[in-house]
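Colleague: Got a structure for you, written out below as structure tokens; questions coming shortly.
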Amino acid sequence: MRIILKILLFPMVLALTILVAFCRFFCLFSGMVLGLLAALLFLLGLLVLFAGRLDGFIGFTVLAWLVSPYGLPLAASWLTERVADFKDMLKSI
């Protein structure tokens, strides 16, 4: 019975393996690009702060944090790892 279940789950495990590999690559690449964008947004926020606009500085700083490696890319990496854990759980059946 267990072998039949493994055969039935094989296409799902294969699809999840490909999805996890793509998502890990995408997270690495986008993290690199978004890290540069975060630095630019923070520098732009500093320019706005020196221009005397505190609200603009706060807005640019929040945007810089969201696109930094500690914002949305970290959430995407966490979600990718949960999908990988689910895939591993299916493989262990």
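Here's how to read the names in the structure tokens: chain A, B, ... by the order shown, residue numbers from 1 in each chain, ligand numbers from 1 in the order shown.
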Could you give me, as a PDB file with all heavy atoms, in the first residue's frame, the residues within 9 Å of stretch 39-44 of chain A, counting only C-alpha atoms and dropping anything in the same chain fewer than 5 positions from it?

Modeller:
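File produced: out-v5.pdb:
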```
ATOM      1  N   LEU A  34      17.315  43.552  -4.794  1.00  0.00           N
ATOM      2  CA  LEU A  34      16.565  44.371  -3.846  1.00  0.00           C
ATOM      3  C   LEU A  34      17.464  44.953  -2.755  1.00  0.00           C
ATOM      4  O   LEU A  34      17.143  45.998  -2.184  1.00  0.00           O
ATOM      5  CB  LEU A  34      15.433  43.560  -3.228  1.00  0.00           C
ATOM      6  CG  LEU A  34      14.285  43.245  -4.176  1.00  0.00           C
ATOM      7  CD1 LEU A  34      13.263  42.348  -3.497  1.00  0.00           C
ATOM      8  CD2 LEU A  34      13.625  44.501  -4.698  1.00  0.00           C
ATOM      9  N   LEU A  49      15.619  63.838   4.073  1.00  0.00           N
ATOM     10  CA  LEU A  49      15.743  64.307   5.456  1.00  0.00           C
ATOM     11  C   LEU A  49      16.543  65.602   5.519  1.00  0.00           C
ATOM     12  O   LEU A  49      16.185  66.533   6.238  1.00  0.00           O
ATOM     13  CB  LEU A  49      16.406  63.225   6.319  1.00  0.00           C
ATOM     14  CG  LEU A  49      16.622  63.594   7.789  1.00  0.00           C
ATOM     15  CD1 LEU A  49      15.283  63.771   8.485  1.00  0.00           C
ATOM     16  CD2 LEU A  49      17.448  62.533   8.473  1.00  0.00           C
ATOM     17  N   PHE A  57      11.360  61.087   4.806  1.00  0.00           N
ATOM     18  CA  PHE A  57      12.442  60.232   5.278  1.00  0.00           C
ATOM     19  C   PHE A  57      11.901  58.946   5.882  1.00  0.00           C
ATOM     20  O   PHE A  57      12.405  57.850   5.589  1.00  0.00           O
ATOM     21  CB  PHE A  57      13.297  60.973   6.313  1.00  0.00           C
ATOM     22  CG  PHE A  57      14.267  60.092   7.029  1.00  0.00           C
ATOM     23  CD1 PHE A  57      15.379  59.587   6.375  1.00  0.00           C
ATOM     24  CD2 PHE A  57      14.066  59.739   8.352  1.00  0.00           C
ATOM     25  CE1 PHE A  57      16.285  58.763   7.029  1.00  0.00           C
ATOM     26  CE2 PHE A  57      14.960  58.919   9.014  1.00  0.00           C
ATOM     27  CZ  PHE A  57      16.067  58.433   8.350  1.00  0.00           C
ATOM     28  N   PHE A  60      10.602  56.673   3.008  1.00  0.00           N
ATOM     29  CA  PHE A  60      11.676  56.026   2.261  1.00  0.00           C
ATOM     30  C   PHE A  60      12.396  54.983   3.107  1.00  0.00           C
ATOM     31  O   PHE A  60      12.830  53.953   2.590  1.00  0.00           O
ATOM     32  CB  PHE A  60      12.673  57.057   1.735  1.00  0.00           C
ATOM     33  CG  PHE A  60      12.243  57.699   0.462  1.00  0.00           C
ATOM     34  CD1 PHE A  60      11.937  59.046   0.424  1.00  0.00           C
ATOM     35  CD2 PHE A  60      12.143  56.961  -0.712  1.00  0.00           C
ATOM     36  CE1 PHE A  60      11.546  59.652  -0.746  1.00  0.00           C
ATOM     37  CE2 PHE A  60      11.753  57.553  -1.889  1.00  0.00           C
ATOM     38  CZ  PHE A  60      11.446  58.906  -1.916  1.00  0.00           C
ATOM     39  N   THR A  61      12.521  55.226   4.400  1.00  0.00           N
ATOM     40  CA  THR A  61      13.171  54.257   5.280  1.00  0.00           C
ATOM     41  C   THR A  61      12.325  52.993   5.404  1.00  0.00           C
ATOM     42  O   THR A  61      12.866  51.877   5.381  1.00  0.00           O
ATOM     43  CB  THR A  61      13.416  54.876   6.671  1.00  0.00           C
ATOM     44  OG1 THR A  61      14.167  56.075   6.525  1.00  0.00           O
ATOM     45  CG2 THR A  61      14.170  53.916   7.576  1.00  0.00           C
ATOM     46  N   VAL A  62      11.007  53.152   5.510  1.00  0.00           N
ATOM     47  CA  VAL A  62      10.125  51.983   5.576  1.00  0.00           C
ATOM     48  C   VAL A  62      10.191  51.202   4.260  1.00  0.00           C
ATOM     49  O   VAL A  62      10.271  49.968   4.262  1.00  0.00           O
ATOM     50  CB  VAL A  62       8.678  52.404   5.905  1.00  0.00           C
ATOM     51  CG1 VAL A  62       7.705  51.273   5.682  1.00  0.00           C
ATOM     52  CG2 VAL A  62       8.593  52.913   7.333  1.00  0.00           C
ATOM     53  N   LEU A  63      10.186  51.906   3.131  1.00  0.00           N
ATOM     54  CA  LEU A  63      10.316  51.223   1.838  1.00  0.00           C
ATOM     55  C   LEU A  63      11.655  50.504   1.723  1.00  0.00           C
ATOM     56  O   LEU A  63      11.729  49.378   1.207  1.00  0.00           O
ATOM     57  CB  LEU A  63      10.165  52.215   0.699  1.00  0.00           C
ATOM     58  CG  LEU A  63       8.750  52.647   0.350  1.00  0.00           C
ATOM     59  CD1 LEU A  63       8.778  53.736  -0.715  1.00  0.00           C
ATOM     60  CD2 LEU A  63       7.933  51.474  -0.115  1.00  0.00           C
ATOM     61  N   ALA A  64      12.718  51.148   2.201  1.00  0.00           N
ATOM     62  CA  ALA A  64      14.042  50.524   2.158  1.00  0.00           C
ATOM     63  C   ALA A  64      14.076  49.270   3.019  1.00  0.00           C
ATOM     64  O   ALA A  64      14.665  48.258   2.629  1.00  0.00           O
ATOM     65  CB  ALA A  64      15.109  51.514   2.618  1.00  0.00           C
ATOM     66  N   TRP A  65      13.409  49.287   4.179  1.00  0.00           N
ATOM     67  CA  TRP A  65      13.369  48.101   5.027  1.00  0.00           C
ATOM     68  C   TRP A  65      12.569  46.981   4.363  1.00  0.00           C
ATOM     69  O   TRP A  65      12.947  45.813   4.436  1.00  0.00           O
ATOM     70  CB  TRP A  65      12.759  48.426   6.381  1.00  0.00           C
ATOM     71  CG  TRP A  65      12.685  47.210   7.249  1.00  0.00           C
ATOM     72  CD1 TRP A  65      13.694  46.642   7.953  1.00  0.00           C
ATOM     73  CD2 TRP A  65      11.543  46.378   7.442  1.00  0.00           C
ATOM     74  NE1 TRP A  65      13.244  45.512   8.588  1.00  0.00           N
ATOM     75  CE2 TRP A  65      11.927  45.326   8.295  1.00  0.00           C
ATOM     76  CE3 TRP A  65      10.236  46.419   6.993  1.00  0.00           C
ATOM     77  CZ2 TRP A  65      11.052  44.341   8.690  1.00  0.00           C
ATOM     78  CZ3 TRP A  65       9.364  45.430   7.389  1.00  0.00           C
ATOM     79  CH2 TRP A  65       9.760  44.414   8.235  1.00  0.00           C
ATOM     80  N   SER A  68      14.677  45.402   1.732  1.00  0.00           N
ATOM     81  CA  SER A  68      15.977  44.920   2.204  1.00  0.00           C
ATOM     82  C   SER A  68      15.898  43.409   2.449  1.00  0.00           C
ATOM     83  O   SER A  68      14.809  42.836   2.460  1.00  0.00           O
ATOM     84  CB  SER A  68      16.364  45.638   3.494  1.00  0.00           C
ATOM     85  OG  SER A  68      15.591  45.152   4.571  1.00  0.00           O
TER      86      SER A  68
END
```

Colleague: Could you check the closest approach to A:Lys91 for each of A:Ile4, A:Val13, A:Ala76, A:Val20 and tell me which residue wins, using only C-alpha atoms?

Modeller: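 When distances to A:Lys91 are compared using only C-alpha atoms, the smallest one comes from A:Val13.
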
Colleague: At a cut-off of 12 Å, using only C-alpha atoms, what residues contact A:Ala21? Leave out same-chain residues fewer than 2 positions from it and give the result as a PyMOL selection string.

Modeller: chain A and resi 14-19+23-28+77+80-81+83-84+87

Colleague: Grab the residues selected above and save them as a short mmCIF file (atom, residue, chain, number, x, y, z; two decimals), in the first residue's frame with all heavy atoms.

Modeller:
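Wrote it out as again_19.cif, contents follow:
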```
data_model
loop_
_atom_site.label_atom_id
_atom_site.label_comp_id
_atom_site.auth_asym_id
_atom_site.auth_seq_id
_atom_site.Cartn_x
_atom_site.Cartn_y
_atom_site.Cartn_z
N LEU A 14 7.71 15.74 -7.46
CA LEU A 14 8.54 16.26 -8.55
C LEU A 14 8.23 17.73 -8.83
O LEU A 14 9.14 18.56 -8.98
CB LEU A 14 8.35 15.42 -9.81
CG LEU A 14 9.18 15.82 -11.02
CD1 LEU A 14 10.66 15.64 -10.72
CD2 LEU A 14 8.76 14.99 -12.22
N ALA A 15 6.94 18.07 -8.88
CA ALA A 15 6.55 19.45 -9.12
C ALA A 15 7.02 20.36 -7.98
O ALA A 15 7.50 21.48 -8.22
CB ALA A 15 5.04 19.55 -9.29
N LEU A 16 6.91 19.90 -6.74
CA LEU A 16 7.36 20.70 -5.60
C LEU A 16 8.88 20.85 -5.60
O LEU A 16 9.40 21.90 -5.21
CB LEU A 16 6.89 20.09 -4.29
CG LEU A 16 5.41 20.25 -3.98
CD1 LEU A 16 5.05 19.47 -2.73
CD2 LEU A 16 5.03 21.71 -3.83
N THR A 17 9.60 19.83 -6.04
CA THR A 17 11.06 19.93 -6.12
C THR A 17 11.47 21.01 -7.12
O THR A 17 12.35 21.83 -6.83
CB THR A 17 11.65 18.57 -6.54
OG1 THR A 17 11.27 17.59 -5.58
CG2 THR A 17 13.16 18.63 -6.63
N ILE A 18 10.82 21.02 -8.28
CA ILE A 18 11.13 22.03 -9.29
C ILE A 18 10.72 23.42 -8.79
O ILE A 18 11.47 24.39 -8.96
CB ILE A 18 10.43 21.68 -10.61
CG1 ILE A 18 11.05 20.40 -11.19
CG2 ILE A 18 10.53 22.82 -11.61
CD1 ILE A 18 10.29 19.81 -12.34
N LEU A 19 9.57 23.52 -8.14
CA LEU A 19 9.11 24.81 -7.61
C LEU A 19 10.05 25.35 -6.55
O LEU A 19 10.40 26.54 -6.56
CB LEU A 19 7.70 24.67 -7.04
CG LEU A 19 7.10 25.91 -6.42
CD1 LEU A 19 6.79 26.95 -7.50
CD2 LEU A 19 5.86 25.57 -5.63
N CYS A 23 12.19 28.76 -6.76
CA CYS A 23 11.97 29.81 -5.75
C CYS A 23 13.25 30.15 -5.00
O CYS A 23 13.49 31.33 -4.69
CB CYS A 23 10.89 29.37 -4.77
SG CYS A 23 9.24 29.40 -5.47
N ARG A 24 14.09 29.17 -4.73
CA ARG A 24 15.36 29.45 -4.06
C ARG A 24 16.27 30.30 -4.95
O ARG A 24 16.91 31.25 -4.47
CB ARG A 24 16.07 28.17 -3.66
CG ARG A 24 15.47 27.53 -2.44
CD ARG A 24 16.19 26.28 -2.04
NE ARG A 24 15.60 25.74 -0.81
CZ ARG A 24 15.72 24.49 -0.45
NH1 ARG A 24 16.42 23.64 -1.18
NH2 ARG A 24 15.16 24.07 0.66
N PHE A 25 16.32 29.97 -6.24
CA PHE A 25 17.11 30.77 -7.17
C PHE A 25 16.55 32.18 -7.25
O PHE A 25 17.29 33.17 -7.21
CB PHE A 25 17.12 30.12 -8.55
CG PHE A 25 17.72 31.02 -9.61
CD1 PHE A 25 19.08 31.21 -9.67
CD2 PHE A 25 16.90 31.69 -10.51
CE1 PHE A 25 19.63 32.04 -10.64
CE2 PHE A 25 17.44 32.51 -11.47
CZ PHE A 25 18.80 32.69 -11.54
N PHE A 26 15.23 32.30 -7.36
CA PHE A 26 14.59 33.61 -7.47
C PHE A 26 14.82 34.43 -6.20
O PHE A 26 15.06 35.64 -6.28
CB PHE A 26 13.10 33.44 -7.74
CG PHE A 26 12.40 34.71 -8.07
CD1 PHE A 26 12.61 35.32 -9.30
CD2 PHE A 26 11.55 35.31 -7.17
CE1 PHE A 26 11.98 36.50 -9.61
CE2 PHE A 26 10.91 36.49 -7.47
CZ PHE A 26 11.12 37.09 -8.70
N CYS A 27 14.78 33.79 -5.04
CA CYS A 27 15.02 34.52 -3.78
C CYS A 27 16.46 35.02 -3.70
O CYS A 27 16.69 36.15 -3.24
CB CYS A 27 14.71 33.62 -2.59
SG CYS A 27 12.96 33.43 -2.25
N LEU A 28 17.41 34.22 -4.14
CA LEU A 28 18.81 34.67 -4.13
C LEU A 28 19.03 35.85 -5.08
O LEU A 28 19.64 36.85 -4.71
CB LEU A 28 19.74 33.52 -4.51
CG LEU A 28 20.01 32.48 -3.45
CD1 LEU A 28 20.78 31.31 -4.02
CD2 LEU A 28 20.77 33.11 -2.30
N SER A 77 11.71 33.73 1.51
CA SER A 77 12.60 32.62 1.84
C SER A 77 11.95 31.70 2.88
O SER A 77 12.05 30.47 2.78
CB SER A 77 13.93 33.13 2.38
OG SER A 77 14.62 33.82 1.39
N THR A 80 9.34 29.64 1.11
CA THR A 80 9.98 28.63 0.28
C THR A 80 10.45 27.45 1.14
O THR A 80 10.29 26.29 0.75
CB THR A 80 11.18 29.23 -0.47
OG1 THR A 80 10.71 30.29 -1.29
CG2 THR A 80 11.89 28.21 -1.31
N GLU A 81 10.99 27.73 2.30
CA GLU A 81 11.44 26.65 3.18
C GLU A 81 10.27 25.84 3.73
O GLU A 81 10.39 24.63 3.93
CB GLU A 81 12.28 27.21 4.32
CG GLU A 81 13.61 27.76 3.87
CD GLU A 81 14.41 26.76 3.05
OE1 GLU A 81 14.52 25.57 3.45
OE2 GLU A 81 14.91 27.15 1.98
N VAL A 83 7.50 25.23 2.04
CA VAL A 83 7.13 24.36 0.92
C VAL A 83 8.12 23.22 0.80
O VAL A 83 7.74 22.07 0.54
CB VAL A 83 7.03 25.18 -0.39
CG1 VAL A 83 6.83 24.27 -1.59
CG2 VAL A 83 5.89 26.19 -0.31
N ALA A 84 9.40 23.50 1.02
CA ALA A 84 10.42 22.44 0.99
C ALA A 84 10.18 21.43 2.12
O ALA A 84 10.37 20.21 1.91
CB ALA A 84 11.81 23.04 1.10
N LYS A 87 7.40 19.23 1.01
CA LYS A 87 7.91 18.28 0.01
C LYS A 87 8.66 17.13 0.68
O LYS A 87 8.47 15.97 0.32
CB LYS A 87 8.82 19.01 -0.98
CG LYS A 87 9.49 18.08 -1.99
CD LYS A 87 10.61 18.77 -2.71
CE LYS A 87 11.69 19.20 -1.81
NZ LYS A 87 12.92 18.50 -1.80
#
```

Colleague: Calculate how many Å separate atom CA of A:Val48 from atom CA of A:Val33, rounding to one decimal.

Modeller: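 Spanning atom CA of A:Val48 to atom CA of A:Val33 is a straight-line distance of 22.8 Å.
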
Colleague: For the atom pair atom CA of A:Leu9 and atom CA of A:Phe22, what is the interatomic distance in Å to one decimal place?

Modeller: 20.2 Å
